[in-house]
>>> print(open('data.txt').read())   # compact mmCIF, C-alpha atoms
# COMPACT_ATOMS: atom_id res chain seq x y z
CA MET N 17 22.33 50.00 -4.87
CA ARG N 18 25.12 47.55 -4.02
CA ASP N 19 23.92 46.96 -0.45
CA PHE N 20 20.37 46.57 -1.66
CA LEU N 21 21.42 43.95 -4.23
CA LEU N 22 23.52 42.14 -1.63
CA LEU N 23 20.56 42.05 0.76
CA LEU N 24 18.50 40.26 -1.87
CA ALA N 25 21.39 38.06 -2.95
CA ASP N 26 22.41 37.06 0.57
CA ASN N 27 18.83 36.38 1.73
CA THR N 28 18.26 33.95 -1.11
CA GLN N 29 21.76 32.46 -1.00
CA ILE N 30 21.73 31.69 2.73
CA LEU N 31 18.17 30.34 2.82
CA GLY N 32 19.01 28.28 -0.27
CA HIS N 33 22.02 26.87 1.56
CA ARG N 34 19.90 26.03 4.61
CA LEU N 35 17.35 24.20 2.47
CA GLY N 36 20.17 22.39 0.71
CA GLU N 37 21.17 20.97 4.09
CA TRP N 38 17.96 18.93 3.97
CA CYS N 39 19.18 17.07 0.89
CA GLY N 40 19.06 13.39 1.75
CA HIS N 41 17.43 14.07 5.13
CA GLY N 42 13.86 15.00 4.18
CA PRO N 43 11.04 13.27 6.03
CA GLU N 44 9.86 11.74 2.73
CA LEU N 45 11.63 11.33 -0.59
CA GLU N 46 9.09 13.66 -2.20
CA ILE N 47 9.54 16.36 0.45
CA ASP N 48 13.29 16.01 0.20
CA MET N 49 13.04 16.75 -3.52
CA ALA N 50 10.66 19.62 -2.90
CA MET N 51 13.05 21.31 -0.49
CA THR N 52 16.07 20.89 -2.72
CA ASN N 53 13.99 22.32 -5.59
CA LEU N 54 13.28 25.35 -3.42
CA ALA N 55 16.98 25.58 -2.59
CA LEU N 56 17.97 25.56 -6.25
CA ASP N 57 15.37 28.21 -7.08
CA LEU N 58 16.73 30.47 -4.35
CA ILE N 59 20.38 29.95 -5.23
CA GLY N 60 19.53 30.68 -8.87
CA GLN N 61 17.87 33.92 -7.80
CA SER N 62 20.87 34.90 -5.70
CA ARG N 63 23.14 34.44 -8.71
CA ASN N 64 21.15 37.02 -10.66
CA TYR N 65 21.64 39.58 -7.89
CA TYR N 66 25.32 38.73 -7.32
CA GLN N 67 26.06 39.04 -11.04
CA TYR N 68 24.39 42.42 -11.14
CA ALA N 69 26.19 43.61 -8.00
CA ALA N 70 29.55 42.45 -9.36
CA GLU N 71 28.97 44.29 -12.63
CA LEU N 72 27.99 47.46 -10.81
CA GLU N 73 31.17 47.33 -8.75
CA GLY N 74 33.21 47.26 -11.93
CA ALA N 75 36.16 45.96 -9.94
CA GLY N 76 36.57 42.76 -11.92
CA ARG N 77 34.99 40.64 -9.21
CA THR N 78 32.51 37.89 -10.08
CA GLU N 79 29.40 36.43 -8.50
CA ASP N 80 31.61 33.73 -6.97
CA ASP N 81 33.85 36.31 -5.29
CA LEU N 82 30.81 37.88 -3.69
CA ALA N 83 29.37 34.59 -2.49
CA TYR N 84 32.55 32.82 -1.45
CA LEU N 85 35.03 35.46 -0.43
CA ARG N 86 33.14 37.87 1.79
CA ASP N 87 33.16 37.56 5.57
CA ALA N 88 30.11 37.31 7.80
CA ARG N 89 30.16 41.03 8.66
CA GLU N 90 29.76 41.86 4.97
CA PHE N 91 26.66 39.71 4.53
CA ARG N 92 23.41 41.66 4.43
CA ASN N 93 20.90 38.82 4.87
CA CYS N 94 18.17 38.92 7.52
CA LEU N 95 18.77 36.89 10.65
CA LEU N 96 15.71 34.77 9.91
CA VAL N 97 17.25 32.96 6.94
CA GLU N 98 20.39 31.90 8.79
CA GLN N 99 18.45 30.23 11.61
CA PRO N 100 19.10 26.48 11.80
CA ASN N 101 16.69 24.08 10.15
CA GLY N 102 15.59 22.46 13.41
CA ASP N 103 12.85 19.91 12.80
CA PHE N 104 10.70 19.91 9.67
CA ALA N 105 8.07 22.15 11.33
CA HIS N 106 10.76 24.67 12.19
CA THR N 107 11.95 24.76 8.58
CA VAL N 108 8.37 25.12 7.33
CA ALA N 109 7.65 27.99 9.74
CA ARG N 110 10.89 29.78 8.83
CA ASN N 111 10.20 29.39 5.14
CA PHE N 112 6.64 30.56 5.49
CA LEU N 113 7.70 33.70 7.37
CA PHE N 114 10.23 34.36 4.64
CA ASP N 115 8.00 33.42 1.68
CA SER N 116 5.03 35.50 2.87
CA TRP N 117 7.34 38.52 2.92
CA HIS N 118 9.34 37.58 -0.19
CA TYR N 119 6.24 37.17 -2.34
CA PHE N 120 4.86 40.66 -1.70
CA PHE N 121 8.34 42.16 -1.77
CA LEU N 122 8.98 40.76 -5.26
CA GLN N 123 5.54 41.84 -6.43
CA ALA N 124 6.47 45.40 -5.50
CA LEU N 125 9.99 45.03 -6.91
CA CYS N 126 8.46 44.24 -10.31
CA GLN N 127 7.57 47.95 -10.36
CA SER N 128 11.21 48.98 -9.81
CA ASN N 129 12.42 51.78 -12.07
CA ASP N 130 15.56 49.70 -12.60
CA GLU N 131 14.69 47.48 -15.54
CA ARG N 132 17.10 44.73 -14.70
CA LEU N 133 15.88 44.50 -11.09
CA ALA N 134 12.28 44.45 -12.27
CA ALA N 135 13.12 41.64 -14.70
CA ILE N 136 14.84 39.56 -12.00
CA ALA N 137 11.86 40.15 -9.71
CA GLY N 138 9.41 39.06 -12.39
CA LYS N 139 11.29 35.83 -13.01
CA SER N 140 11.73 35.12 -9.28
CA LEU N 141 8.10 35.84 -8.50
CA LYS N 142 6.96 32.81 -10.52
CA GLU N 143 9.15 30.57 -8.38
CA VAL N 144 8.27 32.27 -5.13
CA THR N 145 4.53 32.01 -5.84
CA TYR N 146 5.06 28.27 -5.63
CA HIS N 147 7.32 28.57 -2.55
CA LEU N 148 4.59 30.47 -0.71
CA ARG N 149 1.98 27.96 -1.74
CA TRP N 150 4.21 25.10 -0.60
CA SER N 151 5.04 26.54 2.81
CA SER N 152 1.47 27.80 3.40
CA GLU N 153 0.01 24.38 2.78
CA TRP N 154 2.52 22.73 5.08
CA VAL N 155 1.79 25.28 7.83
CA ILE N 156 -1.91 24.45 7.53
CA ARG N 157 -1.29 20.74 7.30
CA LEU N 158 0.94 20.63 10.37
CA GLY N 159 -1.07 23.15 12.38
CA ASP N 160 -4.37 21.47 11.63
CA GLY N 161 -2.84 17.99 11.79
CA THR N 162 -2.07 15.87 14.83
CA GLU N 163 -1.53 17.10 18.37
CA GLU N 164 2.21 16.64 17.93
CA SER N 165 2.50 18.39 14.56
CA HIS N 166 0.38 21.26 15.92
CA SER N 167 2.55 21.77 18.98
CA ARG N 168 5.77 21.49 16.96
CA ILE N 169 4.83 24.15 14.46
CA GLN N 170 3.35 26.40 17.14
CA ASP N 171 6.70 26.15 18.98
CA ALA N 172 8.51 26.96 15.76
CA PHE N 173 6.48 30.13 15.20
CA ASP N 174 6.88 31.14 18.85
CA ASN N 175 10.66 30.76 18.54
CA LEU N 176 11.05 32.43 15.15
CA TRP N 177 8.60 35.28 15.61
CA THR N 178 11.26 37.60 16.98
CA PHE N 179 13.13 37.35 13.65
CA ARG N 180 10.26 38.42 11.43
CA GLY N 181 10.37 42.12 12.36
CA GLU N 182 13.61 42.63 10.50
CA LEU N 183 12.02 41.66 7.18
CA LEU N 184 9.68 44.64 7.36
CA THR N 185 12.02 47.17 9.00
CA PRO N 186 14.06 49.02 6.40
CA ALA N 187 17.82 49.46 6.74
CA PRO N 188 19.04 52.92 5.68
CA PHE N 189 20.06 51.61 2.25
CA GLU N 190 16.55 50.23 1.74
CA THR N 191 14.94 53.56 2.56
CA GLU N 192 17.29 55.12 0.06
CA ALA N 193 16.42 52.44 -2.52
CA ALA N 194 12.70 53.01 -2.03
CA SER N 195 12.90 56.77 -2.37
CA ALA N 196 15.11 56.47 -5.45
CA GLY N 197 12.44 54.27 -7.03
CA TYR N 198 14.43 51.08 -7.58
CA GLY N 199 13.65 49.56 -4.18
CA VAL N 200 10.53 48.60 -2.24
CA ASP N 201 8.60 50.59 0.34
CA LEU N 202 8.35 48.06 3.18
CA HIS N 203 5.63 50.06 4.94
CA ALA N 204 3.44 49.71 1.86
CA ILE N 205 3.70 45.91 1.70
CA ARG N 206 3.37 45.36 5.46
CA PRO N 207 -0.47 45.13 5.50
CA LEU N 208 -0.37 42.53 2.70
CA VAL N 209 2.18 40.44 4.58
CA GLU N 210 0.29 40.72 7.87
CA ASP N 211 -3.00 39.71 6.25
CA ARG N 212 -1.47 36.65 4.65
CA LEU N 213 0.19 35.62 7.92
CA SER N 214 -3.04 35.98 9.90
CA ASP N 215 -5.06 34.18 7.27
CA ILE N 216 -2.79 31.14 7.05
CA LEU N 217 -2.22 30.92 10.82
CA ALA N 218 -5.98 31.02 11.36
CA GLN N 219 -6.55 28.26 8.79
CA ALA N 220 -3.84 26.28 10.55
CA THR N 221 -5.61 26.77 13.93
CA LEU N 222 -2.38 28.32 15.26
CA GLN N 223 -2.01 31.14 17.78
CA ARG N 224 -0.44 34.21 16.27
CA PRO N 225 2.44 35.07 18.64
CA GLU N 226 2.51 38.54 20.22
CA ASP N 227 4.57 41.13 18.36
CA GLY N 228 7.11 41.82 21.09
CA TRP N 229 10.72 42.90 20.88
CA MET N 230 12.21 42.04 17.51
CA GLN N 231 15.75 40.99 16.62
CA SER N 232 17.63 43.09 14.11
CA GLY N 233 21.13 43.59 12.77
CA GLY N 234 21.53 41.13 9.92
CA LYS N 235 21.04 43.76 7.24
CA THR N 236 23.91 45.80 8.62
CA GLY N 237 26.24 42.84 9.14
CA ARG N 238 25.59 41.97 12.80
CA HIS N 239 24.72 38.30 12.56
CA SER N 240 23.94 35.43 14.89
CA GLU N 241 26.69 32.87 15.43
CA HIS N 242 24.99 30.59 12.91
CA LEU N 243 26.10 32.52 9.84
CA GLY N 244 29.78 31.87 10.55
CA TYR N 245 29.19 28.13 10.48
CA ILE N 246 27.21 28.36 7.25
CA LEU N 247 29.97 30.37 5.59
CA ALA N 248 32.65 28.01 6.90
CA GLU N 249 30.94 25.17 5.08
CA MET N 250 29.91 27.18 2.03
CA GLN N 251 33.23 28.92 1.48
CA TYR N 252 35.59 26.16 2.54
CA VAL N 253 36.63 25.01 -0.90
CA GLN N 254 37.33 28.50 -2.27
CA ARG N 255 39.22 29.47 0.87
CA ALA N 256 41.30 26.28 0.97
CA TYR N 257 41.98 26.18 -2.77
CA PRO N 258 41.78 29.77 -3.97
CA ASN N 259 40.64 30.26 -7.57
CA SER N 260 40.01 26.59 -8.09
CA VAL N 261 37.47 25.82 -10.79
CA TRP N 262 35.81 22.70 -12.08
CA MET M 1 12.93 7.42 5.69
CA ALA M 2 9.52 7.70 7.21
CA ASN M 3 7.11 4.84 7.42
CA HIS M 4 5.52 4.81 4.01
CA SER M 5 2.49 2.94 5.24
CA GLU M 6 1.31 6.31 6.60
CA PHE M 7 0.97 7.95 3.17
CA PRO M 8 -1.11 6.24 0.49
CA LEU M 9 0.22 5.66 -3.01
CA TRP M 10 -0.76 7.79 -6.02
CA GLU M 11 -0.23 7.28 -9.74
CA VAL M 12 1.04 10.25 -11.71
CA PHE M 13 0.14 11.14 -15.29
CA ILE M 14 1.84 13.98 -17.17
CA ARG M 15 0.84 15.74 -20.37
CA SER M 16 4.08 16.72 -22.05
CA HIS M 17 2.63 19.21 -24.56
CA GLY M 18 -0.69 20.80 -25.26
CA GLY M 19 -2.74 18.46 -27.43
CA LEU M 20 -0.95 15.25 -26.42
CA ASN M 21 -2.45 12.78 -23.99
CA HIS M 22 -1.47 12.32 -20.35
CA LYS M 23 0.98 9.47 -19.90
CA HIS M 24 1.69 7.45 -16.80
CA VAL M 25 5.13 8.43 -15.49
CA GLY M 26 5.30 6.79 -12.09
CA SER M 27 3.92 6.87 -8.58
CA LEU M 28 4.51 8.61 -5.26
CA HIS M 29 3.35 8.81 -1.66
CA ALA M 30 1.16 11.65 -0.39
CA ALA M 31 -1.45 12.25 2.30
CA ASP M 32 -4.07 13.81 0.03
CA ALA M 33 -4.71 14.83 -3.57
CA GLN M 34 -3.33 18.33 -3.13
CA MET M 35 -0.08 17.06 -1.65
CA ALA M 36 0.12 14.42 -4.38
CA LEU M 37 -0.17 17.10 -7.05
CA GLU M 38 2.62 19.15 -5.49
CA HIS M 39 4.84 16.13 -4.97
CA ALA M 40 4.29 15.19 -8.58
CA ARG M 41 5.28 18.69 -9.62
CA ASP M 42 8.43 18.48 -7.49
CA VAL M 43 9.44 14.96 -8.45
CA TYR M 44 8.32 14.52 -12.06
CA THR M 45 8.39 17.94 -13.76
CA ARG M 46 11.81 19.27 -12.76
CA ARG M 47 13.17 18.96 -16.28
CA MET M 48 10.30 20.59 -18.16
CA GLU M 49 8.54 17.27 -18.66
CA GLY M 50 5.05 18.62 -18.68
CA VAL M 51 2.31 21.20 -18.86
CA SER M 52 -0.40 19.31 -16.96
CA ILE M 53 -0.52 16.74 -14.17
CA TRP M 54 -3.14 14.21 -13.12
CA VAL M 55 -2.86 12.25 -9.88
CA VAL M 56 -5.04 9.24 -9.15
CA PRO M 57 -5.14 7.14 -5.98
CA SER M 58 -3.49 3.85 -6.88
CA THR M 59 -6.37 2.04 -5.20
CA ALA M 60 -8.74 3.59 -7.76
CA ILE M 61 -7.04 1.68 -10.55
CA THR M 62 -8.38 -1.74 -11.48
CA ALA M 63 -5.71 -3.74 -13.25
CA SER M 64 -6.04 -6.81 -15.40
CA ASP M 65 -4.78 -10.00 -13.83
CA PRO M 66 -1.59 -11.43 -15.39
CA ALA M 67 -3.26 -14.84 -15.11
CA ASP M 68 -5.87 -13.58 -17.57
CA THR M 69 -3.30 -12.80 -20.24
CA ASP M 70 -4.32 -15.67 -22.50
CA PRO M 71 -8.09 -15.16 -22.48
CA PHE M 72 -7.67 -11.38 -22.63
CA PHE M 73 -5.02 -10.89 -25.28
CA GLU M 74 -4.34 -14.14 -27.09
CA PRO M 75 -7.55 -14.09 -29.20
CA ALA M 76 -6.37 -10.91 -30.99
CA ARG M 77 -3.13 -12.49 -32.07
CA ASP M 78 -4.42 -14.33 -35.20
CA LYS M 79 -6.78 -11.62 -36.37
CA ILE M 80 -4.40 -9.57 -38.41
CA TYR M 81 -7.29 -8.50 -40.66
CA ARG M 82 -8.14 -6.02 -37.91
CA HIS M 83 -5.10 -4.03 -38.89
CA PRO M 84 -5.89 -1.66 -41.75
CA THR M 85 -3.02 -2.99 -43.85
CA PHE M 86 -4.94 -4.65 -46.67
CA TYR M 87 -5.89 -1.61 -48.67
CA ASP M 88 -4.21 -0.57 -51.91
CA ILE M 89 -3.18 3.00 -51.50
CA PRO M 90 -3.57 4.97 -54.73
CA GLU M 91 -0.35 6.36 -56.13
CA GLY M 92 0.16 9.98 -55.36
CA LEU M 93 -1.71 9.82 -52.07
CA LYS M 94 0.57 11.32 -49.50
CA HIS M 95 0.66 11.49 -45.73
CA MET M 96 -0.70 8.00 -45.10
>>> encode(input="data.txt", output="structure tokens")
Amino acid sequence: MRDFLLLLADNTQILGHRLGEWCGHGPELEIDMAMTNLALDLIGQSRNYYQYAAELEGAGRTEDDLAYLRDAREFRNCLLVEQPNGDFAHTVARNFLFDSWHYFFLQALCQSNDERLAAIAGKSLKEVTYHLRWSSEWVIRLGDGTEESHSRIQDAFDNLWTFRGELLTPAPFETEAASAGYGVDLHAIRPLVEDRLSDILAQATLQRPEDGWMQSGGKTGRHSEHLGYILAEMQYVQRAYPNSVW
Amino acid sequence: MANHSEFPLWEVFIRSHGGLNHKHVGSLHAADAQMALEHARDVYTRRMEGVSIWVVPSTAITASDPADTDPFFEPARDKIYRHPTFYDIPEGLKHM
């Protein structure tokens, strides 16, 4: 259960951090606010999972210990969420790939036999319903927009496609979670995710990239070099001034 | 910041509770009505300000001209009899 909770916590924490990097740099004031809203939603969700994981450990650690004092190899997040923001289209494509999975994942997690997980999923789903709507509309807007916006978001999908396989490929602890009834059967939600992807890409007049070789490893702690830089920034204060509070 | 001349301006109205009226809260830039609605949600309802949003293209609003202030509003100034303040309220009548 701990690994499963950390997967959910780290996915939302790291993507939240990435979106937070847009703060003050958004292409429009309104979009800047939208992305930081998404970031705060995700970081709030990650706190729920970290708190639960820390309680389950029973080792006196807190949510902060889990977020700020683990090393990259102990993070369980998918490689997709640690990918750099790139341009706005790249961020939109990354978020859409994540949201279209996250939405159906949470829907299924609402049926978890673990009451607390089901409650967290139910609360998160309301936020993620908006996240998916937001990223879907931007995919369509950019894809069906100008020649430049179309080519930028097509490039983004082409580049990120290799990271989407991991979302739907269960790690051993996820298979265990699904069969124990508190997790999600990724094979069961795959058709829903695929349909949504195809539908939105078609509306956006984008080419769906070929499903070729897919990256993997994030869920078991083998990350791209990007995660180290994220953690360096995210954990700096706690590492430099241990136990500091404000 | 991007060139704001690319996105037209919209006026945002928020209903704070069921039953109350929508009130003007500000304006924002967006390419179309759908985007304006989402921007309004992201910019103006982050602190539980509302339960309903209207967005209207700013160009759709016809405003009175400040130069017309006198002819428009001055004539009402000396007609206090239009206020319902000249009635004797019977004793014991509450909630007036």
>>> residues_near_point(input="data.txt", point="(5.0, 17.8, -23.1)", cutoff="9 Å", atoms="all atoms listed in the file", output="list in words")
Ile14, Arg15, Ser16, His17, Gly18, Gly19, Leu20, His22, Met48, Glu49, Gly50, Val51 and Ser52 of chain M
>>> write_last_selection(input="data.txt", atoms="C-alpha atoms", output="compact mmCIF listing (two decimals), in the frame of the given file")
# COMPACT_ATOMS: atom_id res chain seq x y z
CA ILE M 14 1.84 13.98 -17.17
CA ARG M 15 0.84 15.74 -20.37
CA SER M 16 4.08 16.72 -22.05
CA HIS M 17 2.63 19.21 -24.56
CA GLY M 18 -0.69 20.80 -25.26
CA GLY M 19 -2.74 18.46 -27.43
CA LEU M 20 -0.95 15.25 -26.42
CA HIS M 22 -1.47 12.32 -20.35
CA MET M 48 10.30 20.59 -18.16
CA GLU M 49 8.54 17.27 -18.66
CA GLY M 50 5.05 18.62 -18.68
CA VAL M 51 2.31 21.20 -18.86
CA SER M 52 -0.40 19.31 -16.96
>>> closest_atom_pairs(input="data.txt", of="chain N", to="chain M", cutoff="6 Å", atoms="all atoms listed in the file", output="JSON lines")
{"residue": "N:Pro43", "atom": "CA", "partner": "M:Ala2", "partner_atom": "CA", "distance": 5.9}
{"residue": "N:Glu46", "atom": "CA", "partner": "M:His39", "partner_atom": "CA", "distance": 5.6}
{"residue": "N:Ala50", "atom": "CA", "partner": "M:Asp42", "partner_atom": "CA", "distance": 5.2}
>>> atom_distance(input="data.txt", atom1="CA of Glu153 (chain N)", atom2="CA of Arg47 (chain M)")
23.8 Å
>>> atom_distance(input="data.txt", atom1="CA of Ile61 (chain M)", atom2="CA of Pro8 (chain M)")
13.3 Å
>>> residues_around(input="data.txt", residues="region 132-145 of chain N", least_positions_apart="2", cutoff="10 Å", atoms="all atoms listed in the file", output="JSON, numbers by chain")
{"N": [21, 53, 54, 57, 58, 60, 61, 62, 64, 65, 68, 115, 116, 118, 119, 120, 121, 122, 123, 124, 125, 126, 127, 128, 129, 130, 147, 148, 149, 150, 198, 199]}
>>> atom_distance(input="data.txt", atom1="CA of Asn27 (chain N)", atom2="CA of Leu37 (chain M)")
28.5 Å
>>> residues_around(input="data.txt", residues="Glu182 (chain N)", least_positions_apart="4", cutoff="10 Å", atoms="all atoms listed in the file", output="list in words")
Asn93, Cys94, Leu95, Leu96, Thr178, Pro186, Ala187, Met230, Gln231, Ser232, Gly233, Gly234 and Lys235 of chain N
>>> write_last_selection(input="data.txt", atoms="C-alpha atoms", output="CSV table (one decimal), keeping the file's coordinate frame")
chain,number,residue,atom,x,y,z
N,93,ASN,CA,20.9,38.8,4.9
N,94,CYS,CA,18.2,38.9,7.5
N,95,LEU,CA,18.8,36.9,10.6
N,96,LEU,CA,15.7,34.8,9.9
N,178,THR,CA,11.3,37.6,17.0
N,186,PRO,CA,14.1,49.0,6.4
N,187,ALA,CA,17.8,49.5,6.7
N,230,MET,CA,12.2,42.0,17.5
N,231,GLN,CA,15.8,41.0,16.6
N,232,SER,CA,17.6,43.1,14.1
N,233,GLY,CA,21.1,43.6,12.8
N,234,GLY,CA,21.5,41.1,9.9
N,235,LYS,CA,21.0,43.8,7.2
>>> residues_around(input="data.txt", residues="His33 (chain N)", least_positions_apart="2", cutoff="8 Å", atoms="only C-alpha atoms", output="PyMOL selection string")
chain N and resi 29-31+35-37+55+59+246+250
>>> residues_near_point(input="data.txt", point="(7.2, 28.6, 7.7)", cutoff="12 Å", atoms="all atoms listed in the file", output="compact mmCIF listing (two decimals) with C-alpha atoms, keeping the file's coordinate frame")
# COMPACT_ATOMS: atom_id res chain seq x y z
CA LEU N 96 15.71 34.77 9.91
CA VAL N 97 17.25 32.96 6.94
CA ASN N 101 16.69 24.08 10.15
CA GLY N 102 15.59 22.46 13.41
CA ASP N 103 12.85 19.91 12.80
CA PHE N 104 10.70 19.91 9.67
CA ALA N 105 8.07 22.15 11.33
CA HIS N 106 10.76 24.67 12.19
CA THR N 107 11.95 24.76 8.58
CA VAL N 108 8.37 25.12 7.33
CA ALA N 109 7.65 27.99 9.74
CA ARG N 110 10.89 29.78 8.83
CA ASN N 111 10.20 29.39 5.14
CA PHE N 112 6.64 30.56 5.49
CA LEU N 113 7.70 33.70 7.37
CA PHE N 114 10.23 34.36 4.64
CA ASP N 115 8.00 33.42 1.68
CA SER N 116 5.03 35.50 2.87
CA TRP N 117 7.34 38.52 2.92
CA HIS N 147 7.32 28.57 -2.55
CA LEU N 148 4.59 30.47 -0.71
CA ARG N 149 1.98 27.96 -1.74
CA TRP N 150 4.21 25.10 -0.60
CA SER N 151 5.04 26.54 2.81
CA SER N 152 1.47 27.80 3.40
CA GLU N 153 0.01 24.38 2.78
CA TRP N 154 2.52 22.73 5.08
CA VAL N 155 1.79 25.28 7.83
CA ILE N 156 -1.91 24.45 7.53
CA ARG N 157 -1.29 20.74 7.30
CA LEU N 158 0.94 20.63 10.37
CA GLY N 159 -1.07 23.15 12.38
CA ARG N 168 5.77 21.49 16.96
CA ILE N 169 4.83 24.15 14.46
CA GLN N 170 3.35 26.40 17.14
CA ASP N 171 6.70 26.15 18.98
CA ALA N 172 8.51 26.96 15.76
CA PHE N 173 6.48 30.13 15.20
CA ASP N 174 6.88 31.14 18.85
CA ASN N 175 10.66 30.76 18.54
CA LEU N 176 11.05 32.43 15.15
CA TRP N 177 8.60 35.28 15.61
CA ARG N 180 10.26 38.42 11.43
CA LEU N 213 0.19 35.62 7.92
CA ILE N 216 -2.79 31.14 7.05
CA LEU N 217 -2.22 30.92 10.82
CA ALA N 220 -3.84 26.28 10.55
>>> closest_residue(input="data.txt", among="N:Asp80, N:Asp48, N:Glu163, N:Glu249", to="Val261 (chain N)", atoms="only C-alpha atoms")
N:Asp80
>>> closest_residue(input="data.txt", among="N:His41, N:Arg92, N:Arg224, N:Arg77", to="Ala25 (chain N)", atoms="only C-alpha atoms")
N:Arg92
>>> closest_residue(input="data.txt", among="N:Arg34, N:Arg206, N:Arg238, N:His166", to="Asp87 (chain N)", atoms="all atoms listed in the file")
N:Arg238
>>> axis_aligned_box(input="data.txt", around="region 20-37 of chain M", padding_each_side="5 Å", output="AutoDock Vina command-line options")
--center_x 0.3 --center_y 12.6 --center_z -12.1 --size_x 20.0 --size_y 21.5 --size_z 38.7
>>> closest_residue(input="data.txt", among="N:Glu90, N:Asp19, N:Glu192, N:Asp160", to="Leu247 (chain N)", atoms="all atoms listed in the file")
N:Glu90
>>> residues_around(input="data.txt", residues="Phe20 (chain N)", least_positions_apart="2", cutoff="8 Å", atoms="all atoms listed in the file", output="CSV table (one decimal) with C-alpha atoms, keeping the file's coordinate frame")
chain,number,residue,atom,x,y,z
N,17,MET,CA,22.3,50.0,-4.9
N,18,ARG,CA,25.1,47.6,-4.0
N,22,LEU,CA,23.5,42.1,-1.6
N,23,LEU,CA,20.6,42.0,0.8
N,24,LEU,CA,18.5,40.3,-1.9
N,189,PHE,CA,20.1,51.6,2.2
N,190,GLU,CA,16.6,50.2,1.7
N,193,ALA,CA,16.4,52.4,-2.5
N,199,GLY,CA,13.6,49.6,-4.2
>>> decode(input="data.txt", residues="region 66-83 of chain M", atoms="N, CA and C atoms", output="PDB file, in the first residue's frame")
ATOM      1  N   PRO M  66     -20.036  60.130 -19.644  1.00  0.00           N
ATOM      2  CA  PRO M  66     -19.866  60.998 -18.470  1.00  0.00           C
ATOM      3  C   PRO M  66     -20.323  62.436 -18.761  1.00  0.00           C
ATOM      4  N   ALA M  67     -20.228  62.847 -20.009  1.00  0.00           N
ATOM      5  CA  ALA M  67     -20.659  64.206 -20.359  1.00  0.00           C
ATOM      6  C   ALA M  67     -22.164  64.365 -20.208  1.00  0.00           C
ATOM      7  N   ASP M  68     -22.871  63.227 -20.182  1.00  0.00           N
ATOM      8  CA  ASP M  68     -24.327  63.287 -20.045  1.00  0.00           C
ATOM      9  C   ASP M  68     -24.790  63.252 -18.599  1.00  0.00           C
ATOM     10  N   THR M  69     -23.846  63.320 -17.668  1.00  0.00           N
ATOM     11  CA  THR M  69     -24.202  63.145 -16.261  1.00  0.00           C
ATOM     12  C   THR M  69     -25.324  64.104 -15.837  1.00  0.00           C
ATOM     13  N   ASP M  70     -25.206  65.348 -16.202  1.00  0.00           N
ATOM     14  CA  ASP M  70     -26.210  66.317 -15.763  1.00  0.00           C
ATOM     15  C   ASP M  70     -27.596  66.004 -16.318  1.00  0.00           C
ATOM     16  N   PRO M  71     -27.737  65.926 -17.641  1.00  0.00           N
ATOM     17  CA  PRO M  71     -29.079  65.618 -18.158  1.00  0.00           C
ATOM     18  C   PRO M  71     -29.607  64.254 -17.712  1.00  0.00           C
ATOM     19  N   PHE M  72     -28.714  63.297 -17.507  1.00  0.00           N
ATOM     20  CA  PHE M  72     -29.168  61.956 -17.123  1.00  0.00           C
ATOM     21  C   PHE M  72     -29.604  61.895 -15.660  1.00  0.00           C
ATOM     22  N   PHE M  73     -28.760  62.405 -14.784  1.00  0.00           N
ATOM     23  CA  PHE M  73     -28.946  62.096 -13.361  1.00  0.00           C
ATOM     24  C   PHE M  73     -29.354  63.280 -12.507  1.00  0.00           C
ATOM     25  N   GLU M  74     -29.040  64.479 -12.933  1.00  0.00           N
ATOM     26  CA  GLU M  74     -29.344  65.657 -12.135  1.00  0.00           C
ATOM     27  C   GLU M  74     -30.850  65.822 -11.874  1.00  0.00           C
ATOM     28  N   PRO M  75     -31.706  65.591 -12.887  1.00  0.00           N
ATOM     29  CA  PRO M  75     -33.146  65.827 -12.677  1.00  0.00           C
ATOM     30  C   PRO M  75     -33.735  65.017 -11.535  1.00  0.00           C
ATOM     31  N   ALA M  76     -33.119  63.913 -11.109  1.00  0.00           N
ATOM     32  CA  ALA M  76     -33.688  63.088 -10.044  1.00  0.00           C
ATOM     33  C   ALA M  76     -33.360  63.659  -8.674  1.00  0.00           C
ATOM     34  N   ARG M  77     -32.378  64.558  -8.665  1.00  0.00           N
ATOM     35  CA  ARG M  77     -31.821  65.011  -7.396  1.00  0.00           C
ATOM     36  C   ARG M  77     -32.846  65.712  -6.499  1.00  0.00           C
ATOM     37  N   ASP M  78     -33.738  66.544  -7.079  1.00  0.00           N
ATOM     38  CA  ASP M  78     -34.679  67.320  -6.256  1.00  0.00           C
ATOM     39  C   ASP M  78     -36.063  66.678  -6.208  1.00  0.00           C
ATOM     40  N   LYS M  79     -36.131  65.407  -6.493  1.00  0.00           N
ATOM     41  CA  LYS M  79     -37.445  64.746  -6.474  1.00  0.00           C
ATOM     42  C   LYS M  79     -37.478  63.669  -5.400  1.00  0.00           C
ATOM     43  N   ILE M  80     -37.247  64.178  -4.170  1.00  0.00           N
ATOM     44  CA  ILE M  80     -37.151  63.230  -3.066  1.00  0.00           C
ATOM     45  C   ILE M  80     -38.462  62.525  -2.811  1.00  0.00           C
ATOM     46  N   TYR M  81     -39.587  63.097  -3.328  1.00  0.00           N
ATOM     47  CA  TYR M  81     -40.887  62.439  -3.125  1.00  0.00           C
ATOM     48  C   TYR M  81     -40.945  61.092  -3.812  1.00  0.00           C
ATOM     49  N   ARG M  82     -39.946  60.782  -4.647  1.00  0.00           N
ATOM     50  CA  ARG M  82     -39.932  59.465  -5.282  1.00  0.00           C
ATOM     51  C   ARG M  82     -39.447  58.377  -4.330  1.00  0.00           C
ATOM     52  N   HIS M  83     -38.834  58.834  -3.235  1.00  0.00           N
ATOM     53  CA  HIS M  83     -38.450  57.847  -2.223  1.00  0.00           C
ATOM     54  C   HIS M  83     -39.647  57.566  -1.330  1.00  0.00           C
TER      55      HIS M  83
END
